[in-house]
file entry21.cif (mmCIF, C-alpha atoms, pLDDT in the B column; chains and numbers go by the auth columns)
data_structure
#
loop_
_atom_site.group_PDB
_atom_site.id
_atom_site.type_symbol
_atom_site.label_atom_id
_atom_site.label_comp_id
_atom_site.label_asym_id
_atom_site.label_seq_id
_atom_site.Cartn_x
_atom_site.Cartn_y
_atom_site.Cartn_z
_atom_site.B_iso_or_equiv
_atom_site.auth_seq_id
_atom_site.auth_asym_id
ATOM 1 C CA MET A 1 0.000 0.000 0.000 76.00 1 A
ATOM 2 C CA ARG A 2 1.442 3.356 -1.075 92.00 2 A
ATOM 3 C CA PHE A 3 -0.114 6.782 -0.711 97.00 3 A
ATOM 4 C CA ARG A 4 -0.279 9.083 -3.698 97.00 4 A
ATOM 5 C CA ASP A 5 0.974 12.016 -1.629 97.00 5 A
ATOM 6 C CA ARG A 6 0.727 13.516 1.843 97.00 6 A
ATOM 7 C CA ARG A 7 -2.676 15.004 1.128 97.00 7 A
ATOM 8 C CA GLN A 8 -4.216 11.634 0.327 97.00 8 A
ATOM 9 C CA ALA A 9 -2.502 10.134 3.372 98.00 9 A
ATOM 10 C CA GLY A 10 -3.959 12.925 5.493 98.00 10 A
ATOM 11 C CA GLU A 11 -7.448 12.337 4.124 98.00 11 A
ATOM 12 C CA GLU A 12 -7.296 8.633 4.980 98.00 12 A
ATOM 13 C CA LEU A 13 -5.865 9.310 8.422 98.00 13 A
ATOM 14 C CA ALA A 14 -8.594 11.898 8.981 98.00 14 A
ATOM 15 C CA GLU A 15 -11.293 9.301 8.283 98.00 15 A
ATOM 16 C CA THR A 16 -9.975 7.072 11.051 98.00 16 A
ATOM 17 C CA LEU A 17 -9.680 9.950 13.495 98.00 17 A
ATOM 18 C CA ARG A 18 -13.117 11.259 12.573 98.00 18 A
ATOM 19 C CA ALA A 19 -14.547 7.849 13.503 97.00 19 A
ATOM 20 C CA ARG A 20 -12.788 8.091 16.874 97.00 20 A
ATOM 21 C CA GLN A 21 -14.252 11.565 17.310 98.00 21 A
ATOM 22 C CA ARG A 22 -17.779 10.287 16.630 97.00 22 A
ATOM 23 C CA GLU A 23 -17.200 7.692 19.354 96.00 23 A
ATOM 24 C CA GLY A 24 -16.488 10.540 21.767 96.00 24 A
ATOM 25 C CA ALA A 25 -12.806 9.665 22.113 95.00 25 A
ATOM 26 C CA LEU A 26 -11.441 13.059 21.005 97.00 26 A
ATOM 27 C CA PRO A 27 -13.053 15.812 23.082 97.00 27 A
ATOM 28 C CA ASP A 28 -11.701 19.349 22.568 97.00 28 A
ATOM 29 C CA PRO A 29 -9.061 18.305 20.007 98.00 29 A
ATOM 30 C CA LEU A 30 -6.018 20.282 18.969 98.00 30 A
ATOM 31 C CA VAL A 31 -3.784 19.077 16.130 98.00 31 A
ATOM 32 C CA LEU A 32 -0.024 19.605 16.315 98.00 32 A
ATOM 33 C CA ALA A 33 1.933 18.897 13.132 98.00 33 A
ATOM 34 C CA LEU A 34 5.604 17.973 13.072 97.00 34 A
ATOM 35 C CA PRO A 35 7.005 20.186 10.304 96.00 35 A
ATOM 36 C CA ARG A 36 7.705 20.157 7.644 95.00 36 A
ATOM 37 C CA GLY A 37 6.276 16.934 6.203 95.00 37 A
ATOM 38 C CA GLY A 38 3.684 16.369 8.886 97.00 38 A
ATOM 39 C CA VAL A 39 1.950 19.669 8.171 97.00 39 A
ATOM 40 C CA ALA A 40 0.409 18.554 4.869 96.00 40 A
ATOM 41 C CA VAL A 41 -1.017 15.460 6.581 97.00 41 A
ATOM 42 C CA ALA A 42 -2.159 17.321 9.681 97.00 42 A
ATOM 43 C CA ARG A 43 -4.013 19.981 7.679 97.00 43 A
ATOM 44 C CA GLU A 44 -6.437 17.345 6.399 97.00 44 A
ATOM 45 C CA VAL A 45 -6.871 15.933 9.903 98.00 45 A
ATOM 46 C CA ALA A 46 -7.555 19.315 11.483 97.00 46 A
ATOM 47 C CA GLU A 47 -10.125 20.243 8.837 96.00 47 A
ATOM 48 C CA ALA A 48 -11.956 16.927 9.234 97.00 48 A
ATOM 49 C CA LEU A 49 -12.071 17.226 13.008 97.00 49 A
ATOM 50 C CA GLY A 50 -12.913 20.935 13.035 97.00 50 A
ATOM 51 C CA ALA A 51 -9.864 21.391 15.241 97.00 51 A
ATOM 52 C CA PRO A 52 -7.205 24.110 15.469 96.00 52 A
ATOM 53 C CA LEU A 53 -3.952 23.345 13.666 96.00 53 A
ATOM 54 C CA ASP A 54 -0.542 24.378 14.938 96.00 54 A
ATOM 55 C CA VAL A 55 3.021 23.128 14.714 97.00 55 A
ATOM 56 C CA LEU A 56 5.442 21.545 17.129 97.00 56 A
ATOM 57 C CA VAL A 57 8.971 22.006 15.850 97.00 57 A
ATOM 58 C CA VAL A 58 11.209 19.049 16.647 97.00 58 A
ATOM 59 C CA ARG A 59 14.750 18.620 15.391 96.00 59 A
ATOM 60 C CA LYS A 60 16.653 15.399 14.915 93.00 60 A
ATOM 61 C CA ILE A 61 20.182 15.344 16.283 95.00 61 A
ATOM 62 C CA GLY A 62 22.503 13.634 13.835 91.00 62 A
ATOM 63 C CA ALA A 63 25.835 12.036 14.605 89.00 63 A
ATOM 64 C CA PRO A 64 28.880 14.217 13.897 87.00 64 A
ATOM 65 C CA HIS A 65 29.800 13.939 10.202 82.00 65 A
ATOM 66 C CA GLN A 66 26.828 11.571 9.713 82.00 66 A
ATOM 67 C CA GLU A 67 23.852 13.916 9.878 80.00 67 A
ATOM 68 C CA GLU A 68 21.366 11.352 8.565 77.00 68 A
ATOM 69 C CA LEU A 69 22.192 8.980 11.404 83.00 69 A
ATOM 70 C CA GLY A 70 19.936 10.168 14.218 85.00 70 A
ATOM 71 C CA VAL A 71 21.211 9.854 17.772 91.00 71 A
ATOM 72 C CA GLY A 72 18.563 11.981 19.467 92.00 72 A
ATOM 73 C CA ALA A 73 16.035 14.773 19.099 95.00 73 A
ATOM 74 C CA MET A 74 14.855 17.945 20.812 96.00 74 A
ATOM 75 C CA ALA A 75 11.681 20.002 21.139 96.00 75 A
ATOM 76 C CA GLY A 76 11.206 23.495 22.518 90.00 76 A
ATOM 77 C CA ASP A 77 13.754 24.448 25.151 88.00 77 A
ATOM 78 C CA GLU A 78 13.816 20.926 26.569 88.00 78 A
ATOM 79 C CA VAL A 79 17.045 19.053 27.231 91.00 79 A
ATOM 80 C CA PRO A 80 17.750 16.900 24.150 94.00 80 A
ATOM 81 C CA LEU A 81 16.734 13.242 24.300 94.00 81 A
ATOM 82 C CA LEU A 82 19.784 11.227 23.307 93.00 82 A
ATOM 83 C CA ASP A 83 20.041 7.582 22.299 88.00 83 A
ATOM 84 C CA GLY A 84 22.635 6.195 24.661 88.00 84 A
ATOM 85 C CA ASP A 85 22.865 2.876 22.823 88.00 85 A
ATOM 86 C CA ALA A 86 23.563 4.620 19.533 87.00 86 A
ATOM 87 C CA LEU A 87 26.233 6.815 21.093 90.00 87 A
ATOM 88 C CA ARG A 88 27.965 3.819 22.671 92.00 88 A
ATOM 89 C CA HIS A 89 27.831 1.945 19.372 90.00 89 A
ATOM 90 C CA LEU A 90 29.462 4.892 17.616 89.00 90 A
ATOM 91 C CA GLY A 91 31.988 5.335 20.396 91.00 91 A
ATOM 92 C CA ILE A 92 31.187 9.013 20.983 90.00 92 A
ATOM 93 C CA GLY A 93 30.255 10.954 24.099 90.00 93 A
ATOM 94 C CA GLU A 94 27.633 13.643 24.587 90.00 94 A
ATOM 95 C CA ALA A 95 30.321 16.332 24.471 91.00 95 A
ATOM 96 C CA ALA A 96 30.928 15.507 20.806 91.00 96 A
ATOM 97 C CA LEU A 97 27.363 16.582 20.046 94.00 97 A
ATOM 98 C CA THR A 98 27.674 20.120 21.437 94.00 98 A
ATOM 99 C CA GLY A 99 28.117 21.765 18.054 93.00 99 A
ATOM 100 C CA VAL A 100 25.363 19.708 16.423 94.00 100 A
ATOM 101 C CA ILE A 101 22.933 20.506 19.242 95.00 101 A
ATOM 102 C CA GLU A 102 23.693 24.232 19.035 95.00 102 A
ATOM 103 C CA ARG A 103 23.042 24.266 15.279 95.00 103 A
ATOM 104 C CA GLU A 104 19.812 22.299 15.589 95.00 104 A
ATOM 105 C CA ARG A 105 18.610 24.488 18.457 96.00 105 A
ATOM 106 C CA ALA A 106 19.217 27.578 16.345 97.00 106 A
ATOM 107 C CA GLU A 107 17.282 26.065 13.419 96.00 107 A
ATOM 108 C CA LEU A 108 14.459 25.023 15.762 97.00 108 A
ATOM 109 C CA ARG A 109 14.112 28.582 17.048 96.00 109 A
ATOM 110 C CA ARG A 110 14.297 30.026 13.532 97.00 110 A
ATOM 111 C CA ARG A 111 11.427 27.833 12.407 97.00 111 A
ATOM 112 C CA GLU A 112 9.356 28.601 15.483 96.00 112 A
ATOM 113 C CA ARG A 113 9.765 32.340 14.899 95.00 113 A
ATOM 114 C CA LEU A 114 8.925 32.030 11.220 96.00 114 A
ATOM 115 C CA TYR A 115 5.930 29.734 11.589 96.00 115 A
ATOM 116 C CA ARG A 116 4.400 31.551 14.538 91.00 116 A
ATOM 117 C CA GLN A 117 4.960 35.110 13.325 90.00 117 A
ATOM 118 C CA GLY A 118 4.582 36.400 16.873 90.00 118 A
ATOM 119 C CA ARG A 119 1.680 34.099 17.799 91.00 119 A
ATOM 120 C CA PRO A 120 1.998 32.442 21.199 93.00 120 A
ATOM 121 C CA ALA A 121 2.294 28.679 21.393 93.00 121 A
ATOM 122 C CA PRO A 122 -1.115 27.040 21.931 95.00 122 A
ATOM 123 C CA ASP A 123 -2.286 26.242 25.446 97.00 123 A
ATOM 124 C CA LEU A 124 -2.474 22.456 25.662 98.00 124 A
ATOM 125 C CA ARG A 125 -3.829 22.185 29.197 98.00 125 A
ATOM 126 C CA GLY A 126 -6.838 19.900 29.442 98.00 126 A
ATOM 127 C CA ARG A 127 -7.082 19.305 25.694 98.00 127 A
ATOM 128 C CA THR A 128 -6.901 16.224 23.506 98.00 128 A
ATOM 129 C CA VAL A 129 -3.664 16.784 21.622 98.00 129 A
ATOM 130 C CA ILE A 130 -3.120 14.876 18.376 98.00 130 A
ATOM 131 C CA VAL A 131 0.511 14.897 17.230 98.00 131 A
ATOM 132 C CA VAL A 132 0.677 14.200 13.483 98.00 132 A
ATOM 133 C CA ASP A 133 3.584 13.290 11.231 98.00 133 A
ATOM 134 C CA ASP A 134 3.814 11.881 7.703 97.00 134 A
ATOM 135 C CA GLY A 135 5.396 8.687 8.994 97.00 135 A
ATOM 136 C CA LEU A 136 7.102 7.090 11.963 96.00 136 A
ATOM 137 C CA ALA A 137 10.424 5.309 11.589 92.00 137 A
ATOM 138 C CA THR A 138 12.607 5.000 14.695 88.00 138 A
ATOM 139 C CA GLY A 139 10.431 7.291 16.775 90.00 139 A
ATOM 140 C CA SER A 140 13.221 9.554 18.070 90.00 140 A
ATOM 141 C CA THR A 141 11.582 12.816 16.998 93.00 141 A
ATOM 142 C CA ALA A 142 8.125 11.579 17.977 96.00 142 A
ATOM 143 C CA ARG A 143 9.367 10.664 21.451 95.00 143 A
ATOM 144 C CA ALA A 144 10.791 14.153 21.976 96.00 144 A
ATOM 145 C CA ALA A 145 7.525 15.683 20.749 97.00 145 A
ATOM 146 C CA LEU A 146 5.311 13.513 22.939 97.00 146 A
ATOM 147 C CA ARG A 147 7.330 14.119 26.076 96.00 147 A
ATOM 148 C CA PHE A 148 7.271 17.855 25.411 97.00 148 A
ATOM 149 C CA VAL A 149 3.484 17.752 24.983 98.00 149 A
ATOM 150 C CA HIS A 150 2.936 15.675 28.120 97.00 150 A
ATOM 151 C CA ARG A 151 4.700 18.346 30.182 96.00 151 A
ATOM 152 C CA GLN A 152 2.057 20.870 29.093 96.00 152 A
ATOM 153 C CA ALA A 153 -0.669 18.967 31.046 98.00 153 A
ATOM 154 C CA PRO A 154 -3.032 17.904 28.223 98.00 154 A
ATOM 155 C CA ALA A 155 -5.976 15.646 29.005 98.00 155 A
ATOM 156 C CA ARG A 156 -4.908 13.079 26.398 98.00 156 A
ATOM 157 C CA VAL A 157 -2.134 12.689 23.841 98.00 157 A
ATOM 158 C CA LEU A 158 -2.406 10.749 20.582 98.00 158 A
ATOM 159 C CA LEU A 159 0.238 10.108 17.962 98.00 159 A
ATOM 160 C CA ALA A 160 -1.175 9.722 14.461 98.00 160 A
ATOM 161 C CA ALA A 161 0.648 8.854 11.244 98.00 161 A
ATOM 162 C CA PRO A 162 -0.307 7.230 7.943 98.00 162 A
ATOM 163 C CA VAL A 163 2.535 4.688 8.048 98.00 163 A
ATOM 164 C CA CYS A 164 4.761 3.436 10.858 97.00 164 A
ATOM 165 C CA SER A 165 7.455 0.903 11.395 96.00 165 A
ATOM 166 C CA PRO A 166 6.159 -1.813 13.733 95.00 166 A
ATOM 167 C CA GLU A 167 9.101 -1.172 16.060 94.00 167 A
ATOM 168 C CA GLY A 168 8.546 2.581 16.169 94.00 168 A
ATOM 169 C CA ALA A 169 4.814 2.232 16.786 95.00 169 A
ATOM 170 C CA GLY A 170 5.463 -0.256 19.562 95.00 170 A
ATOM 171 C CA LEU A 171 7.914 2.060 21.296 94.00 171 A
ATOM 172 C CA MET A 172 5.570 5.037 21.029 96.00 172 A
ATOM 173 C CA SER A 173 2.716 3.123 22.665 95.00 173 A
ATOM 174 C CA ALA A 174 4.539 3.769 25.935 95.00 174 A
ATOM 175 C CA GLU A 175 4.743 7.512 25.209 96.00 175 A
ATOM 176 C CA ALA A 176 1.215 8.284 23.944 98.00 176 A
ATOM 177 C CA ASP A 177 -2.231 7.450 25.276 97.00 177 A
ATOM 178 C CA GLU A 178 -3.030 6.086 21.827 97.00 178 A
ATOM 179 C CA VAL A 179 -1.052 5.471 18.642 98.00 179 A
ATOM 180 C CA ILE A 180 -3.044 5.530 15.415 98.00 180 A
ATOM 181 C CA CYS A 181 -1.231 4.147 12.383 97.00 181 A
ATOM 182 C CA LEU A 182 -3.003 3.204 9.163 97.00 182 A
ATOM 183 C CA HIS A 183 -0.261 0.849 7.989 97.00 183 A
ATOM 184 C CA ARG A 184 2.542 -0.945 9.807 96.00 184 A
ATOM 185 C CA PRO A 185 4.444 -2.768 7.039 95.00 185 A
ATOM 186 C CA ALA A 186 6.833 -5.432 8.261 94.00 186 A
ATOM 187 C CA ALA A 187 9.402 -4.444 5.621 93.00 187 A
ATOM 188 C CA PHE A 188 9.258 -0.746 6.500 94.00 188 A
ATOM 189 C CA MET A 189 12.710 0.523 5.415 91.00 189 A
ATOM 190 C CA ALA A 190 11.875 4.270 5.155 93.00 190 A
ATOM 191 C CA VAL A 191 8.848 6.582 5.274 96.00 191 A
ATOM 192 C CA GLY A 192 9.368 7.900 1.743 95.00 192 A
ATOM 193 C CA LEU A 193 9.026 4.454 0.199 96.00 193 A
ATOM 194 C CA TRP A 194 5.331 4.455 1.084 97.00 194 A
ATOM 195 C CA TYR A 195 4.549 7.596 -0.931 97.00 195 A
ATOM 196 C CA GLU A 196 4.535 8.016 -4.697 97.00 196 A
ATOM 197 C CA ASP A 197 5.196 11.746 -4.209 97.00 197 A
ATOM 198 C CA PHE A 198 7.371 12.449 -1.174 96.00 198 A
ATOM 199 C CA GLY A 199 8.808 15.774 -2.248 95.00 199 A
ATOM 200 C CA GLN A 200 10.318 17.991 0.417 94.00 200 A
ATOM 201 C CA LEU A 201 8.069 20.754 1.720 95.00 201 A
ATOM 202 C CA THR A 202 9.286 24.315 2.148 96.00 202 A
ATOM 203 C CA ASP A 203 8.780 26.877 4.877 96.00 203 A
ATOM 204 C CA GLN A 204 6.294 28.583 2.561 95.00 204 A
ATOM 205 C CA ASP A 205 4.279 25.363 2.308 94.00 205 A
ATOM 206 C CA VAL A 206 4.059 25.275 6.105 95.00 206 A
ATOM 207 C CA LEU A 207 2.977 28.901 6.304 94.00 207 A
ATOM 208 C CA GLU A 208 0.275 28.353 3.697 93.00 208 A
ATOM 209 C CA ALA A 209 -1.042 25.318 5.572 91.00 209 A
ATOM 210 C CA LEU A 210 -1.225 27.413 8.733 89.00 210 A
ATOM 211 C CA HIS A 211 -2.863 30.269 6.805 82.00 211 A
ATOM 212 C CA VAL A 212 -0.079 32.597 7.877 63.00 212 A
ATOM 213 C CA GLN A 213 0.526 35.705 5.795 50.00 213 A
ATOM 214 C CA LEU A 214 3.982 37.239 5.768 48.00 214 A
#

call {"tool": "encode", "arguments": {"input": "entry21.cif", "output": "structure tokens"}}
result
Amino acid sequence: MRFRDRRQAGEELAETLRARQREGALPDPLVLALPRGGVAVAREVAEALGAPLDVLVVRKIGAPHQEELGVGAMAGDEVPLLDGDALRHLGIGEAALTGVIERERAELRRRERLYRQGRPAPDLRGRTVIVVDDGLATGSTARAALRFVHRQAPARVLLAAPVCSPEGAGLMSAEADEVICLHRPAAFMAVGLWYEDFGQLTDQDVLEALHVQL
């Protein structure tokens, strides 16, 4: 099963969440997208649920000189969540990540400023918060996002994605009150393989999804 693009994936995910809403499982929902890719999916979900849409900027922390190899993630001003097993396997200490963390923190803040345009972050207290991404692989960024959300005292936290690795979904079941995944292929490999069109989104795409005018 492959999705045509993120919009179609969002529409299908929205159908499942709308059914949960009709059952009364999603009172006072608020949708938080993980940009950039998650925004196109989350827009369809928010519209279907009649819920506000906002973003939660999370940045992956890559290994030094191997940026695609994630060894942690961070959200907001929280202390980064690092994968101790990965660091031991690579034979590097946390001190070696100082420069990477500083760069990712700067990019996180840049995106927050750009996407919010002076708007305050949403108040999550007492709400049903649905964190949406376009796919879940290892779960490192999702874990950072979910833990950040939990600290804001929501009533309930859901993680929703069109496609997930079985391992990632299993790990996130301990972090979210509910994990909703349309497909959990055994041979997962990578999120992009499950989309015909998995083009990179731009900051402008995010702003348009949020209906933000510069």

call {"tool": "atom_distance", "arguments": {"input": "entry21.cif", "atom1": "atom CA of A:Leu207", "atom2": "atom CA of A:Ala9"}}
result
19.8 Å

call {"tool": "resolve_selection", "arguments": {"input": "entry21.cif", "expression": "the PyMOL selection byres ((chain A and resi 157-166) around 9)", "output": "VMD selection string"}}
result
chain A and resid 3 6 9 to 10 12 to 13 17 38 41 127 to 139 142 146 149 to 150 154 to 156 167 to 173 175 to 191 194

call {"tool": "atom_distance", "arguments": {"input": "entry21.cif", "atom1": "atom CA of A:Val71", "atom2": "atom CA of A:Glu196"}}
result
28.0 Å

call {"tool": "residues_around", "arguments": {"input": "entry21.cif", "residues": "A:Leu69", "least_positions_apart": "6", "cutoff": "10 Å", "atoms": "all atoms listed in the file", "output": "list in words"}}
result
Lys60, Ile61, Gly62, Ala63 and Ala86 of chain A

call {"tool": "write_last_selection", "arguments": {"input": "entry21.cif", "atoms": "C-alpha atoms", "output": "compact mmCIF listing (two decimals), in the coordinates of the input"}}
result
# COMPACT_ATOMS: atom_id res chain seq x y z
CA LYS A 60 16.65 15.40 14.92
CA ILE A 61 20.18 15.34 16.28
CA GLY A 62 22.50 13.63 13.84
CA ALA A 63 25.84 12.04 14.60
CA ALA A 86 23.56 4.62 19.53

call {"tool": "resolve_selection", "arguments": {"input": "entry21.cif", "expression": "the PyMOL selection byres ((chain A and resi 93-106) around 12)", "output": "number ranges by chain"}}
result
A: 57-67, 70-92, 107-113

call {"tool": "write_last_selection", "arguments": {"input": "entry21.cif", "atoms": "C-alpha atoms", "output": "short mmCIF file (atom, residue, chain, number, x, y, z; two decimals), keeping the file's coordinate frame"}}
result
data_model
loop_
_atom_site.label_atom_id
_atom_site.label_comp_id
_atom_site.auth_asym_id
_atom_site.auth_seq_id
_atom_site.Cartn_x
_atom_site.Cartn_y
_atom_site.Cartn_z
CA VAL A 57 8.97 22.01 15.85
CA VAL A 58 11.21 19.05 16.65
CA ARG A 59 14.75 18.62 15.39
CA LYS A 60 16.65 15.40 14.92
CA ILE A 61 20.18 15.34 16.28
CA GLY A 62 22.50 13.63 13.84
CA ALA A 63 25.84 12.04 14.60
CA PRO A 64 28.88 14.22 13.90
CA HIS A 65 29.80 13.94 10.20
CA GLN A 66 26.83 11.57 9.71
CA GLU A 67 23.85 13.92 9.88
CA GLY A 70 19.94 10.17 14.22
CA VAL A 71 21.21 9.85 17.77
CA GLY A 72 18.56 11.98 19.47
CA ALA A 73 16.04 14.77 19.10
CA MET A 74 14.86 17.94 20.81
CA ALA A 75 11.68 20.00 21.14
CA GLY A 76 11.21 23.50 22.52
CA ASP A 77 13.75 24.45 25.15
CA GLU A 78 13.82 20.93 26.57
CA VAL A 79 17.05 19.05 27.23
CA PRO A 80 17.75 16.90 24.15
CA LEU A 81 16.73 13.24 24.30
CA LEU A 82 19.78 11.23 23.31
CA ASP A 83 20.04 7.58 22.30
CA GLY A 84 22.64 6.20 24.66
CA ASP A 85 22.86 2.88 22.82
CA ALA A 86 23.56 4.62 19.53
CA LEU A 87 26.23 6.82 21.09
CA ARG A 88 27.96 3.82 22.67
CA HIS A 89 27.83 1.94 19.37
CA LEU A 90 29.46 4.89 17.62
CA GLY A 91 31.99 5.34 20.40
CA ILE A 92 31.19 9.01 20.98
CA GLU A 107 17.28 26.06 13.42
CA LEU A 108 14.46 25.02 15.76
CA ARG A 109 14.11 28.58 17.05
CA ARG A 110 14.30 30.03 13.53
CA ARG A 111 11.43 27.83 12.41
CA GLU A 112 9.36 28.60 15.48
CA ARG A 113 9.76 32.34 14.90
#

call {"tool": "closest_residue", "arguments": {"input": "entry21.cif", "among": "A:Arg151, A:Asp5, A:Ala33, A:Asp54", "to": "A:Gly199", "atoms": "all atoms listed in the file"}}
result
A:Asp5

call {"tool": "resolve_selection", "arguments": {"input": "entry21.cif", "expression": "the PyMOL selection byres ((chain A and resi 45) around 8)", "output": "ChimeraX atom specification"}}
result
/A:10-11,13-14,17,31,41-44,46-49

call {"tool": "axis_aligned_box", "arguments": {"input": "entry21.cif", "around": "stretch 14-26 of chain A", "padding_each_side": "8 Å", "output": "AutoDock Vina command-line options"}}
result
--center_x -13.2 --center_y 10.1 --center_z 15.2 --size_x 25.2 --size_y 22.0 --size_z 29.8

call {"tool": "closest_residue", "arguments": {"input": "entry21.cif", "among": "A:Arg116, A:Arg7, A:Arg18, A:Arg2", "to": "A:Leu56", "atoms": "all atoms listed in the file"}}
result
A:Arg116

call {"tool": "atom_distance", "arguments": {"input": "entry21.cif", "atom1": "atom CA of A:Tyr115", "atom2": "atom CA of A:Arg36"}}
result
10.5 Å

call {"tool": "closest_residue", "arguments": {"input": "entry21.cif", "among": "A:Gly126, A:Leu30, A:Asp203, A:Glu15", "to": "A:Gln152", "atoms": "all atoms listed in the file"}}
result
A:Gly126
